[in-house]
file run_21.txt (compact mmCIF, C-alpha atoms)
# COMPACT_ATOMS: atom_id res chain seq x y z
CA MET A 1 -95.51 -21.53 -123.53
CA SER A 2 -92.13 -22.08 -122.06
CA SER A 3 -92.91 -19.87 -119.15
CA ARG A 4 -95.95 -21.83 -118.36
CA LEU A 5 -94.02 -25.05 -118.38
CA LEU A 6 -91.35 -23.71 -116.08
CA ARG A 7 -93.64 -22.32 -113.52
CA PRO A 8 -95.17 -25.62 -112.50
CA VAL A 9 -91.73 -27.06 -112.17
CA ARG A 10 -90.65 -24.20 -109.90
CA ALA A 11 -93.87 -24.59 -108.05
CA ASP A 12 -93.20 -28.27 -107.63
CA ARG A 13 -89.72 -27.47 -106.27
CA ARG A 14 -91.16 -25.03 -103.84
CA THR A 15 -93.91 -27.36 -102.75
CA THR A 16 -91.58 -30.36 -102.33
CA ALA A 17 -90.98 -30.98 -98.64
CA PRO A 18 -87.38 -30.34 -97.56
CA ARG A 19 -85.19 -33.24 -96.50
CA SER A 20 -85.35 -34.11 -92.88
CA ALA A 21 -82.39 -32.84 -90.80
CA ALA A 22 -82.53 -35.87 -88.55
CA PRO A 23 -80.45 -38.23 -90.73
CA LEU A 24 -77.70 -35.63 -91.05
CA GLY A 25 -77.69 -35.04 -87.33
CA THR A 26 -77.46 -38.77 -86.82
CA ARG A 27 -74.56 -39.21 -89.22
CA LEU A 28 -72.43 -36.41 -87.76
CA PRO A 29 -71.97 -38.07 -84.34
CA LEU A 30 -71.06 -41.36 -86.01
CA VAL A 31 -68.43 -39.61 -88.09
CA ALA A 32 -67.05 -37.91 -85.01
CA VAL A 33 -66.86 -41.20 -83.13
CA ALA A 34 -65.04 -42.82 -86.04
CA VAL A 35 -62.52 -39.98 -86.17
CA VAL A 36 -61.86 -40.17 -82.42
CA ALA A 37 -61.45 -43.95 -82.57
CA ALA A 38 -59.03 -43.63 -85.47
CA GLY A 39 -57.01 -41.08 -83.51
CA LEU A 40 -56.84 -43.32 -80.43
CA THR A 41 -55.79 -46.28 -82.54
CA ALA A 42 -53.03 -44.27 -84.16
CA ALA A 43 -51.79 -42.94 -80.79
CA CYS A 44 -51.84 -46.19 -78.79
CA GLY A 45 -51.24 -48.73 -81.55
CA PRO A 46 -53.14 -51.92 -82.10
CA SER A 47 -53.97 -53.94 -79.01
CA SER A 48 -52.12 -57.24 -78.60
CA GLN A 49 -54.78 -58.61 -76.23
CA PRO A 50 -57.34 -60.91 -77.82
CA VAL A 51 -60.78 -59.59 -78.25
CA GLY A 52 -63.00 -60.30 -75.29
CA SER A 53 -60.09 -61.03 -72.85
CA ALA A 54 -60.44 -57.76 -70.95
CA ALA A 55 -62.90 -57.64 -68.08
CA PRO A 56 -65.93 -55.44 -68.73
CA VAL A 57 -65.71 -51.97 -67.24
CA LYS A 58 -68.55 -51.06 -64.95
CA ALA A 59 -70.16 -47.69 -65.02
CA GLY A 60 -68.23 -45.14 -63.00
CA GLN A 61 -65.10 -47.31 -62.96
CA SER A 62 -61.97 -46.27 -64.80
CA SER A 63 -60.29 -48.60 -67.26
CA GLU A 64 -57.05 -48.53 -65.21
CA ALA A 65 -58.78 -49.89 -62.09
CA ALA A 66 -60.22 -52.75 -64.09
CA LEU A 67 -56.77 -53.99 -65.18
CA PRO A 68 -55.24 -56.75 -62.98
CA SER A 69 -52.19 -55.73 -60.89
CA ALA A 70 -49.03 -57.87 -60.88
CA SER A 71 -48.64 -57.29 -57.12
CA ASP A 72 -52.21 -58.32 -56.33
CA PRO A 73 -52.11 -61.78 -54.63
CA ALA A 74 -55.59 -62.62 -55.99
CA THR A 75 -54.51 -62.15 -59.61
CA ALA A 76 -50.96 -63.60 -59.24
CA SER A 77 -50.32 -66.76 -61.19
CA PRO A 78 -50.07 -70.12 -59.31
CA GLU A 79 -46.46 -70.51 -60.41
CA ALA A 80 -45.50 -67.13 -58.94
CA SER A 81 -47.31 -67.94 -55.65
CA ALA A 82 -45.55 -71.31 -55.34
CA SER A 83 -42.16 -69.68 -56.00
CA ALA A 84 -42.79 -67.01 -53.37
CA SER A 85 -43.86 -69.65 -50.81
CA ALA A 86 -40.74 -71.73 -51.50
CA SER A 87 -38.52 -68.65 -51.06
CA ALA A 88 -40.27 -67.76 -47.79
CA SER A 89 -39.87 -71.29 -46.41
CA ALA A 90 -36.22 -71.53 -47.47
CA SER A 91 -35.22 -68.20 -45.94
CA PRO A 92 -35.11 -69.41 -42.24
CA SER A 93 -32.79 -72.30 -43.07
CA ALA A 94 -30.61 -70.03 -45.19
CA SER A 95 -30.44 -67.55 -42.30
CA ALA A 96 -29.53 -70.36 -39.89
CA SER A 97 -26.80 -71.58 -42.26
CA SER A 98 -25.34 -68.08 -42.61
CA SER A 99 -25.47 -67.58 -38.84
CA ALA A 100 -23.70 -70.90 -38.25
CA ALA A 101 -21.05 -70.00 -40.83
CA ALA A 102 -20.51 -66.60 -39.20
CA THR A 103 -20.21 -68.21 -35.77
CA ALA A 104 -17.76 -70.81 -37.06
CA SER A 105 -15.60 -68.15 -38.73
CA ALA A 106 -15.65 -65.91 -35.64
CA ALA A 107 -14.81 -68.73 -33.24
CA PRO A 108 -11.09 -68.99 -32.69
CA ALA A 109 -9.43 -72.18 -33.81
CA ARG A 110 -8.66 -74.55 -31.02
CA THR A 111 -5.08 -75.50 -30.52
CA PRO A 112 -4.23 -78.99 -29.25
CA SER A 113 -3.44 -78.90 -25.54
CA LYS A 114 -0.02 -80.02 -24.43
CA PRO A 115 0.08 -83.24 -22.45
CA ALA A 116 0.50 -82.74 -18.74
CA ARG A 117 3.84 -83.64 -17.31
CA THR A 118 3.70 -86.88 -15.44
CA SER A 119 6.82 -86.21 -13.41
CA ALA A 120 8.91 -83.10 -12.95
CA ALA A 121 12.59 -83.04 -12.12
CA PRO A 122 13.13 -81.91 -8.52
CA GLU A 123 14.68 -78.54 -7.89
CA PRO A 124 18.39 -78.61 -7.03
CA ALA A 125 19.06 -78.71 -3.32
CA ARG A 126 20.53 -75.64 -1.66
CA VAL A 127 24.33 -75.69 -1.32
CA PRO A 128 25.65 -73.70 1.65
CA GLY A 129 28.45 -71.22 1.11
CA PRO A 130 32.01 -71.53 2.43
CA GLY A 131 32.75 -71.62 6.14
CA TYR A 132 30.92 -73.02 9.18
CA ASP A 133 28.27 -71.29 11.25
CA SER A 134 29.03 -71.93 14.92
CA SER A 135 25.66 -70.44 15.98
CA ALA A 136 23.56 -72.77 13.83
CA ASP A 137 21.54 -75.60 15.39
CA ALA A 138 23.26 -78.49 13.60
CA GLN A 139 20.87 -81.07 15.08
CA LYS A 140 17.83 -79.40 13.54
CA GLN A 141 19.64 -78.92 10.25
CA ILE A 142 20.49 -82.62 10.03
CA GLU A 143 16.91 -83.63 10.88
CA ALA A 144 15.53 -81.31 8.17
CA ALA A 145 18.03 -82.71 5.65
CA LEU A 146 16.98 -86.29 6.46
CA ARG A 147 13.28 -85.40 5.98
CA ALA A 148 14.08 -83.85 2.62
CA ALA A 149 16.15 -86.90 1.66
CA LYS A 150 13.22 -89.21 2.39
CA ALA A 151 11.01 -87.01 0.18
CA ASP A 152 13.29 -86.76 -2.87
CA GLY A 153 15.70 -89.69 -2.51
CA ARG A 154 18.86 -87.64 -2.25
CA ALA A 155 21.61 -88.53 0.21
CA VAL A 156 22.77 -86.34 3.09
CA LEU A 157 26.39 -85.15 3.18
CA LEU A 158 27.67 -84.07 6.62
CA ASP A 159 30.77 -81.87 6.52
CA PHE A 160 32.40 -81.58 9.96
CA GLY A 161 35.14 -78.91 9.98
CA ALA A 162 36.41 -75.61 11.34
CA ASN A 163 36.86 -72.12 9.93
CA TRP A 164 40.58 -72.13 10.84
CA CYS A 165 41.18 -75.49 9.07
CA GLY A 166 43.23 -75.15 5.84
CA ASN A 167 41.96 -78.42 4.36
CA CYS A 168 38.38 -77.32 5.05
CA LYS A 169 39.02 -74.09 3.14
CA ALA A 170 40.45 -76.07 0.21
CA ALA A 171 37.35 -78.26 0.16
CA ASP A 172 35.09 -75.18 0.21
CA LYS A 173 36.82 -73.82 -2.89
CA VAL A 174 36.05 -77.04 -4.74
CA PHE A 175 32.44 -77.04 -3.51
CA ALA A 176 32.04 -73.54 -5.00
CA GLN A 177 33.02 -74.68 -8.50
CA SER A 178 30.08 -75.00 -10.91
CA GLN A 179 30.53 -78.69 -11.72
CA THR A 180 30.83 -79.72 -8.07
CA THR A 181 27.94 -77.46 -7.10
CA ALA A 182 25.78 -79.16 -9.73
CA ILE A 183 26.63 -82.61 -8.36
CA LEU A 184 25.89 -81.53 -4.81
CA GLY A 185 22.56 -79.90 -5.77
CA ALA A 186 21.41 -82.91 -7.77
CA SER A 187 22.42 -85.69 -5.36
CA TYR A 188 22.92 -84.34 -1.83
CA HIS A 189 21.55 -82.24 0.98
CA LEU A 190 24.73 -80.69 2.40
CA VAL A 191 24.95 -79.83 6.12
CA LYS A 192 28.09 -78.12 7.46
CA VAL A 193 28.79 -78.63 11.16
CA ASP A 194 31.34 -76.53 13.09
CA ILE A 195 33.53 -78.64 15.35
CA GLY A 196 36.31 -76.06 15.68
CA GLY A 197 34.77 -74.31 18.69
CA ASN A 198 33.57 -75.41 22.09
CA SER A 199 30.15 -76.75 21.00
CA SER A 200 29.62 -79.97 22.85
CA ALA A 201 26.44 -80.62 20.91
CA ASN A 202 28.30 -80.55 17.61
CA SER A 203 31.07 -82.75 19.00
CA ALA A 204 28.37 -85.24 20.07
CA LEU A 205 26.99 -85.27 16.53
CA LEU A 206 30.46 -86.06 15.17
CA ARG A 207 30.79 -89.02 17.50
CA LYS A 208 27.28 -90.18 16.58
CA TYR A 209 27.95 -90.32 12.85
CA SER A 210 31.68 -91.20 13.11
CA PRO A 211 31.90 -93.35 16.26
CA SER A 212 35.42 -94.74 15.62
CA GLY A 213 36.90 -92.02 17.85
CA GLY A 214 40.53 -91.02 18.01
CA THR A 215 42.04 -87.97 16.32
CA TYR A 216 39.83 -86.64 13.52
CA THR A 217 41.40 -85.26 10.36
CA MET A 218 39.24 -82.41 9.08
CA PRO A 219 37.14 -82.12 7.15
CA VAL A 220 35.28 -85.27 8.09
CA LEU A 221 32.83 -86.13 5.31
CA VAL A 222 29.99 -88.51 6.20
CA VAL A 223 27.44 -89.71 3.63
CA VAL A 224 24.07 -90.72 5.17
CA SER A 225 21.24 -92.47 3.32
CA PRO A 226 17.64 -91.13 3.47
CA SER A 227 16.90 -93.83 6.05
CA GLY A 228 19.67 -92.51 8.35
CA THR A 229 22.26 -95.22 7.65
CA VAL A 230 25.90 -94.13 7.26
CA ARG A 231 27.26 -95.04 3.84
CA THR A 232 30.82 -93.79 4.25
CA ASP A 233 32.95 -91.95 6.84
CA THR A 234 36.22 -90.35 5.68
CA HIS A 235 37.56 -90.50 9.25
CA VAL A 236 37.77 -94.25 8.60
CA THR A 237 38.43 -94.40 4.86
CA GLY A 238 40.56 -91.27 4.57
CA ASN A 239 39.77 -88.08 2.69
CA PRO A 240 39.79 -87.96 -1.09
CA SER A 241 42.13 -85.60 -2.86
CA LEU A 242 40.90 -82.08 -2.09
CA THR A 243 40.77 -81.20 -5.77
CA ALA A 244 37.88 -81.00 -8.23
CA ASP A 245 38.66 -84.45 -9.64
CA GLY A 246 39.06 -86.06 -6.23
CA ILE A 247 35.97 -84.59 -4.60
CA ASN A 248 33.77 -85.03 -7.70
CA ALA A 249 34.71 -88.70 -7.94
CA PHE A 250 33.93 -89.17 -4.26
CA LEU A 251 30.53 -87.47 -4.60
CA ARG A 252 29.53 -89.48 -7.68
CA LYS A 253 30.55 -92.74 -6.02
CA TRP A 254 28.41 -92.31 -2.91
CA ALA A 255 25.47 -90.49 -4.46
CA SER A 256 23.51 -93.72 -4.89
call {"tool": "encode", "arguments": {"input": "run_21.txt", "output": "structure tokens"}}
result
Amino acid sequence: MSSRLLRPVRADRRTTAPRSAAPLGTRLPLVAVAVVAAGLTAACGPSSQPVGSAAPVKAGQSSEAALPSASDPATASPEASASASASASASPSASASSSAAATASAAPARTPSKPARTSAAPEPARVPGPGYDSSADAQKQIEAALRAAKADGRAVLLDFGANWCGNCKAADKVFAQSQTTAILGASYHLVKVDIGGNSSANSALLRKYSPSGGTYTMPVLVVVSPSGTVRTDTHVTGNPSLTADGINAFLRKWAS
């Protein structure tokens, strides 16, 4: 009896159609996808971007190419574009300012120019050395001295003497002293005329500038103004003391 009951059951088990393999095959890919997604989530972490903010990826396009680039002008924000434009427009003026500053620092500083001299002191007149040159053209020398006197306002001092005259040599020693030389150079054009020889021309010059005649005591000193007028003639007034004090006082007196 029991065997009969069991047999139909076994027969029913054998005759029951086996479960379809399709549902299992369908579930396995879903499980695999879930596992892969869980692994990616664990590796990359949760996304901070809101859902739906990413642009859809077209077929055949990688996810990296779909992401916006910070350097792409089309995707740059308006604030970033405005800042870049302001920097670009400000750069020429900044360059001009730096160039001007460099030029100003490289340019040497100007120093104030000195005022031009309105009048310069005339050079001291030449003072001849001791003695008398018998070969010199005294007439031309006097004419040149008078032209110079008209130009600079100095007086002309005519010294008539002779190389053998002791008083003339004493006067020459005083003329060579520094103080007397300075007075002569500042106030006179000195012309020495030899009357100790046989020069008739020089004797005529003596009589021209000292016309009183008679016996001349050498040296004869005649002061002539720039206009040619005789100011003093020692043949008439007498010679000063042939010392530094005497001659210097005479020169200062008749200089102007």
call {"tool": "atom_distance", "arguments": {"input": "run_21.txt", "atom1": "atom CA of A:Gly213", "atom2": "atom CA of A:Ser200"}}
result
14.9 Å
call {"tool": "closest_residue", "arguments": {"input": "run_21.txt", "among": "A:Phe160, A:Trp254, A:Tyr188, A:Tyr132", "to": "A:Leu206", "atoms": "all atoms listed in the file"}}
result
A:Phe160
call {"tool": "closest_atom_pairs", "arguments": {"input": "run_21.txt", "of": "stretch 213-247 of chain A", "to": "stretch 164-187 of chain A", "cutoff": "10 Å", "atoms": "only C-alpha atoms", "output": "Markdown table"}}
result
| residue | atom | partner | partner_atom | distance |
| --- | --- | --- | --- | --- |
| A:Thr217 | CA | A:Asn167 | CA | 9.1 |
| A:Met218 | CA | A:Cys168 | CA | 6.5 |
| A:Pro219 | CA | A:Cys168 | CA | 5.4 |
| A:Val220 | CA | A:Cys168 | CA | 9.1 |
| A:Ser241 | CA | A:Ala171 | CA | 9.3 |
| A:Leu242 | CA | A:Ala171 | CA | 5.7 |
| A:Thr243 | CA | A:Val174 | CA | 6.4 |
| A:Ala244 | CA | A:Val174 | CA | 5.6 |
| A:Asp245 | CA | A:Val174 | CA | 9.3 |
| A:Gly246 | CA | A:Val174 | CA | 9.6 |
| A:Ile247 | CA | A:Val174 | CA | 7.6 |
call {"tool": "closest_residue", "arguments": {"input": "run_21.txt", "among": "A:Lys150, A:Lys192, A:Lys208, A:Arg231", "to": "A:Leu251", "atoms": "only C-alpha atoms"}}
result
A:Arg231
call {"tool": "closest_residue", "arguments": {"input": "run_21.txt", "among": "A:Ala162, A:Val193, A:Leu146, A:Ala136", "to": "A:Thr229", "atoms": "only C-alpha atoms"}}
result
A:Leu146
call {"tool": "atom_distance", "arguments": {"input": "run_21.txt", "atom1": "atom CA of A:Leu157", "atom2": "atom CA of A:Ala144"}}
result
12.6 Å
call {"tool": "residues_near_point", "arguments": {"input": "run_21.txt", "point": "(24.1, -89.8, 12.2)", "cutoff": "9 Å", "atoms": "only C-alpha atoms", "output": "PyMOL selection string"}}
result
chain A and resi 142+158+205-210+222+224+228-230
call {"tool": "atom_distance", "arguments": {"input": "run_21.txt", "atom1": "atom CA of A:Ala145", "atom2": "atom CA of A:His189"}}
result
5.9 Å
call {"tool": "closest_residue", "arguments": {"input": "run_21.txt", "among": "A:Gly131, A:Ala148, A:Gln141, A:Glu123", "to": "A:Ser227", "atoms": "all atoms listed in the file"}}
result
A:Ala148
call {"tool": "axis_aligned_box", "arguments": {"input": "run_21.txt", "around": "stretch 180-188 of chain A", "padding_each_side": "6 Å", "output": "AutoDock Vina command-line options"}}
result
--center_x 26.1 --center_y -81.6 --center_z -5.8 --size_x 21.4 --size_y 20.2 --size_z 19.9
